[in-house]
Structure formats: C-alpha cells, structure tokens
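Novice: Below is one structure. I have some questions about it.
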Amino acid sequence: MIEEIIDELQPDILKKNIIIHKSIPKKIIIKTNKEWLKKALLNIIHNAVKYNKENGHLFLRIEQTRNGYLLIIKDTGIGIKEKDKEKIFDKYYTNDKKDGTGIGLNFAKIVIENLGGKITFESFPQKGTIFYIYLPKISRKLKLRILISSLAVIIIFSFFIIDYFYCLIPQKIKIETTNKIKIIKFQNGIIAKAQINDKFKIIAYRNLFDTRFRNELILKKSDMEITTNGKKIKIITPNTSFTNLGTKFETIANKITAISVYKGKIKDKTILVNKDEGLIISNTIQKLPLPKKVQNIEINNNPKLTIRWTSIYHQFKILISKDKSFNNPPIYEYKTSKNYISPDLPDGIWFVNIKAKNNNLFSIPVISKFLSLNNYYKALYYYKHKNIKEALIFIKKSIKTINQKSPAPYYLYAKILFTLKEYEKSLEYIKKYEKFGDNKMDFLKAKIYFAMKDYKKVINTLKNPSNINQKLLVAKAFYNLHNYKKANKFLYQILEIEPNNKEALKLLKPPKELKGIINEFN
C-alpha cells in the first residue's frame with residue numbers, strides 16, 4: 001500500500017526532488033479495509049510531500065507492537081505552528097489559504113479511529129512534522145455512514161482543487177468556415193486557421209473559474225497558422241511536439257514538420273526557435289532563417305483589380321480579408337507561383353496578407369490595405385457601351401458593399417438612375433456622393449431638376465456656370481421661367497465661344513415682344 005501511494009505521488013515528489021527513506025519489514029499483514037486505509041494514509045503522506053522543502057527528506061518507518069503496528073511518517077518541511085496544533089484535525093481548518101481545504105487530516109483521523117487505530121503528531125516549525133499512526137492487526141468494522149459523508153466532502157473539494165490546477169471542463173470552441181478555410185476560436189482567445197480538409201484534433205479544457213486553460217492541437221496532415229494572443233498551446237505533429245513562448249506561428253505537418261515563427265518563440269524538446277526563424281523536422285532537424293519578405297506591393301484597380309509584388313521566390317500564399325487580423329470571415333486564400341493575382345472581390349476596403357514559401361517555410365507576412373472596385377468598373381464598362389441593364393446589375397453590387405469608402409459608385413449610380421428617369425432616387429445618391437466633399441455632380445443635379453421642371457433649383461445649383469453645356473442649361477431654365485433677358489445673357493456668352501451653336505441660336509428665337517431687339521442685334 002505504501003509503495004502504491006508513493007507511485008501516485010511521484011510527480012509531486014520529483015517536482016520537489018524529495019528523497020524517500022523507507023524502513024518497512026517485509027511481512028506485515030493486517031486485517032482491515034484497504035481502500036479506506038489507503039485514502040487516509042494518502043492524505044497524510046501527500047501533506048508530508050506538499051509542505052516539505054525543496055530537496056527535502058521523507059521518512060517512512062513501521063514498528064511492530066504487541067497487538068498491532070506503529071507507522072511513523074516524518075518530513076523535513078515547514079512544520080506546524082504552535083497555535084495551529086490543536087486545530088489541525090478539525091473539519092475545514094487549514095492554514096493554507098491558497099489550496100488547502102481542511103478536509104484531508106480530518107478524514108484521515110476519522111478513518112483511522114473507526115478502524116480501531118489512533119493518530120498523534122509532533123511538529124517543529126521549519127524543521128518538520130512527525131505523525132504516529134497506530135493500527136491494530138485486526139481492525140474494527142467501519143461506520144460507513146460517517147466515512148461516506150466525509151469522503152463525499154473530500155471528493156467535492158478535491159474536484160475543485162484538481163480542476164483549478166489541471167482544468168477538467170471543456171472549453172467552448174467556435175469553428176467558422178469561409179471559402180475552404182476553417183477558423184478555430186478557443187474560448188481563451190487562441191485562433192487557428194486551417195484548410196477545410198486538414199486533419200487535426202483539438203484538446204481544450206479550462207478550470208471552473210476560467211483562470212487556467214489547457215490547449216493542445218494534434219496535427220496529422222495540416223497547414224495551420226496559429227495566433228495565440230499570449231496563451232500557451234502545445235502542438236503535436238507526427239515528427240515532434242512543441243509549445244509556444246510567443247504569439248504567432250505557422251506549422252506544416254505531414255511527412256515532415258515545418259514551423260515558421262512570425263512573432264515570439266517556440267520551443268521543441270531541445271531547440272528554441274525565435275521570430276523570423278523556422279524549424280524543419282523529418283529524418284533530420286534543421287533550424288533555418290525564414291524566407292525573405294515580399295516587397296513592393298502594388299495594387300491597381302482600373303479596369304481590373306490586380307495585386308503585384310516582387311520576390312526572389314516562386315511560391316506564394318495570399319490571404320485576403322476585410323478583417324485586418326485575418327481572423328474573421330470572409331477570408332480568401334490563394335496559392336500561386338506568379339508574382340501577381342487578380343481576385344474578383346466585392347467592392348470595399350480589403351487587406352491582403354502575402355507570404356513567400358521556400359523549403360516548406362513561410363516568410364513573415366506583409367500586409368497591405370486596398371480598395372476593391374471590381375463591380376464598379378464592370379458597371380462603368382457596360383454604361384459606356386450603353387448596356388444599362390448590365391450596368392445596373394453591377395452598380396447595385398458595388399453599392400451594396402462599398403460602405404461609403406469611395407464616391408465613384410455613387411456618382412455612376414446617380415447617372416444610371418437619371419438615364420432611367422428615376423430622378424428622386426438619383427438625387428438621393430447625389431447627396432451620398434456629396435458627403436465626400438465634391439461638387440462634380442452639380443451639373444447632373446441641375447439636369448435632374450430641369451427634368452423635374454424645377455427651374456429655380458437649376459439656377460441655384462449652377463450659380464456660376466463654367467462651360468457651354470452648363471450655360472445652355474441655365475439659359476433654358478431662365479427661358480422656361482420667361483426671364484428672357486437673363487436667358488439671352490447666357491446665350492450671348494455661348495455664341496461668343498461658338499457662333500454657330502445651333503441650340504443657342506434656336507433658343508434665341510424670342511417671343512413677339514423681343515423680335516425687334518433681336519433683329520436690331522442681327
């Protein structure tokens with residue numbers, strides 16, 4: 001029984017490097033309830049280990065008496081203070097506020113006395129404690145009700161203690177799938193991204209108080225990028241296992257294991273890998289610098305979105321997302337051997353993350369922000385070719401996702417709506433365009449007011465017409481308001497620039513009361 005208890009406490013014994021001294025006769029047989037006695041002795045010996053000093057000693061000796069045996073358990077620990085000696089067997093009493101429950105010694109005393117034994121002790125502060133446990137050769141029958149009650153309390157408290165340190169409750173894991181990518185979000189903030197067909201296993205537990213977490217990923221066949229947000233995680237691959245000392249890295253696990261460290265550090269069994277370093281493990285182990293980062297990222301929108309970069313390598317992995325952290329949908333992934341891609345993305349602000357790949361290691365990502373106007377340029381193409389139906393389809397897609405990030409789609413949509421004679425709606429999008437601080441649409445707005453026969457608003461909108469078309473529209477507005485004098489003022493200005501302007505000459509045909517003036521002018 002003593003050997004079994006020592007084996008169970010071995011991790012704690014090794015942790016403190018405690019030396020065990022045993023003096024136990026070979027043939028000692030007592031008739032008793034082994035299960036209950038073992039639980040009682042386990043509590044006492046565990047205390048002797050727990051409160052011992054580093055590199056301390058633990059002595060276990062059994063002496064035979066007339067009707068039984070005396071078990072002596074001596075440690076070289078912190079001892080028991082004088083003021084606590086009378087209370088240590090009291091239920092719930094403890095002087096260890098961190099993880100003591102006050103149950104263990106109380107339970108041990110109940111069991112030993114119920115078996116017909118006795119327990120006493122002596123202790124010396126900072127020198128150690130000695131427990132003397134007398135056990136008869138033949139024990140009394142146990143009073144099960146008392147013991148079961150005590151054991152139930154111990155089990156409950158033990159659960160809380162073990163759970164606090166070792167984490168027994170499963171974490172909530174959220175998995176999002178977007179464009180063939182799985183985003184795995186641990187409850188404690190760790191985020192991992194993998195291909196939808198990757199093979200891996202998640203082990204994630206927490207304690208009841210959410211103060212400690214246990215995180216493991218077992219990768220069988222996977223290319224996984226992990227952002228730990230300062231939390232520890234153990235990664236197990238077919239070739240190795242390692243833990244992180246930092247925040248971000250990527251692991252390929254297959255016939256080889258390749259680890260690229262972007263931030264912080266990771267530690268294999270014997271090797272420490274720093275930021276901008278990689279570890280390749282197959283038949284051999286290699287620590288290498290990561291490939292050099294890509295450079296000179298250029299993004300062109302017209303007429304088609306194209307992202308270019310320069311690099312000495314020929315394999316690249318690109319992520320594109322609306323989220324700068326690349327941890328939330330939507331995320332698009334591209335693998336290419338070219339130094340450019342032309343993604344067909346919805347209009348709006350995006351972020352691109354580009355990594356070069358060499359020897360199964362990835363370079364530190366380079367991130368750029370850009371504006372996609374794919375649907376806007378498709379709409380513009382169809383509008384210029386007078387295909388209003390197709391233009392309307394693509395401009396609606398653009399408006400749906402642009403979110404006030406560019407004025408261009410609002411300008412084009414207003415023009416298309418004007419063409420469709422949807423004047424009120426066209427004015428609505430002109431106002432959205434004007435929030436960007438541009439009055440480029442004043443002429444279109446004036447044309448809408450003219451079509452709506454609101455001639456005063458035409459004049460107010462174009463107070464200082466700057467070209468022939470604007471002057472002609474203002475002249476028409478004055479003409480329709482029967483203000484021929486002001487209409488003619490703008491018509492004369494047009495004819496000074498273009499003497500043969502047909503619209504201006506046609507508009508100069510005045511009512512009867514102005515014929516004499518016009519004839520004199522001619």
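Identifiers in this document derive from the order of the structure tokens: chains are assigned A, B, ..., residues are numbered from 1 separately in each chain, and ligands are numbered from 1 in order of occurrence.
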Check the DSSP output for the backbone and give back, as an MDAnalysis selection string, the residues of region 396-505 of chain A in alpha helix (DSSP H).

Specialist: chainID A and resid 396:402 408:419 423:434 442:451 455:461 468:480 484:497 502:505

Novice: To one decimal place, how far is CA of Leu9 (chain A) from CA of Ile103 (chain A) in Å?

Specialist: 18.3 Å

Novice: Can you build me a table of region 11-73 of chain A residues sitting at most 10 Å from region 114-121 of chain A, with the closest atom pair per residue and its distance in Å to one decimal, using only C-alpha atoms, sorted by chain and residue number, as JSON lines?

Specialist:
```
{"residue": "A:Thr32", "atom": "CA", "partner": "A:Leu115", "partner_atom": "CA", "distance": 7.3}
{"residue": "A:Asn33", "atom": "CA", "partner": "A:Leu115", "partner_atom": "CA", "distance": 8.1}
{"residue": "A:Trp36", "atom": "CA", "partner": "A:Leu115", "partner_atom": "CA", "distance": 9.2}
{"residue": "A:Leu37", "atom": "CA", "partner": "A:Leu115", "partner_atom": "CA", "distance": 8.3}
{"residue": "A:Gly68", "atom": "CA", "partner": "A:Gly117", "partner_atom": "CA", "distance": 9.1}
{"residue": "A:Tyr69", "atom": "CA", "partner": "A:Gly117", "partner_atom": "CA", "distance": 9.6}
{"residue": "A:Leu70", "atom": "CA", "partner": "A:Lys118", "partner_atom": "CA", "distance": 9.5}
{"residue": "A:Leu71", "atom": "CA", "partner": "A:Ile119", "partner_atom": "CA", "distance": 9.5}
{"residue": "A:Ile72", "atom": "CA", "partner": "A:Phe121", "partner_atom": "CA", "distance": 9.3}
{"residue": "A:Ile73", "atom": "CA", "partner": "A:Phe121", "partner_atom": "CA", "distance": 9.3}
```

Novice: From the set A:Lys87, A:Lys425, A:Lys506, A:His482, which residue has the shortest atom-to-atom contact distance to Lys456 (chain A), counting only C-alpha atoms?

Specialist: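 Answer, going by the shortest atom-to-atom distance: A:His482.
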
Novice: Extract, using only C-alpha atoms, all DNA, RNA and protein residues at most 7 Å from region 39-44 of chain A, discarding same-chain residues fewer than 5 positions from it, and format them as a ChimeraX atom specification.

Specialist: /A:5,104-105,107-108,111

Novice: Do a neighbour search on region 183-197 of chain A at 10 Å with only C-alpha atoms, toss out local chain neighbours closer than 5 positions, and write the hits as number ranges by chain.

Specialist: A: 170-178, 202, 204-206, 210-215, 217, 221-233, 247-251, 326-329, 331, 333

Novice: Leaving out region 11-14 of chain A and any residue of its chain fewer than 4 positions from it, which residues lie within 8 Å of it when counting only C-alpha atoms, given as an MDAnalysis selection string?

Specialist: chainID A and resid 18:19 49:50

Novice: With N, CA and C atoms kept, could you save the residues just selected as a PDB file, in the first residue's frame?

Specialist:
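Saved to part-v4.pdb:
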```
ATOM      1  N   ILE A  18      12.360  15.323  -3.616  1.00  0.00           N
ATOM      2  CA  ILE A  18      12.340  14.808  -2.241  1.00  0.00           C
ATOM      3  C   ILE A  18      12.918  13.387  -2.219  1.00  0.00           C
ATOM      4  N   ILE A  19      13.759  13.139  -1.255  1.00  0.00           N
ATOM      5  CA  ILE A  19      14.378  11.812  -1.094  1.00  0.00           C
ATOM      6  C   ILE A  19      13.549  10.998  -0.099  1.00  0.00           C
ATOM      7  N   VAL A  49       4.626  15.525   1.641  1.00  0.00           N
ATOM      8  CA  VAL A  49       5.318  15.916   0.395  1.00  0.00           C
ATOM      9  C   VAL A  49       5.035  17.386   0.087  1.00  0.00           C
ATOM     10  N   LYS A  50       3.768  17.750   0.150  1.00  0.00           N
ATOM     11  CA  LYS A  50       3.315  19.086  -0.240  1.00  0.00           C
ATOM     12  C   LYS A  50       3.990  20.183   0.583  1.00  0.00           C
TER      13      LYS A  50
END
```
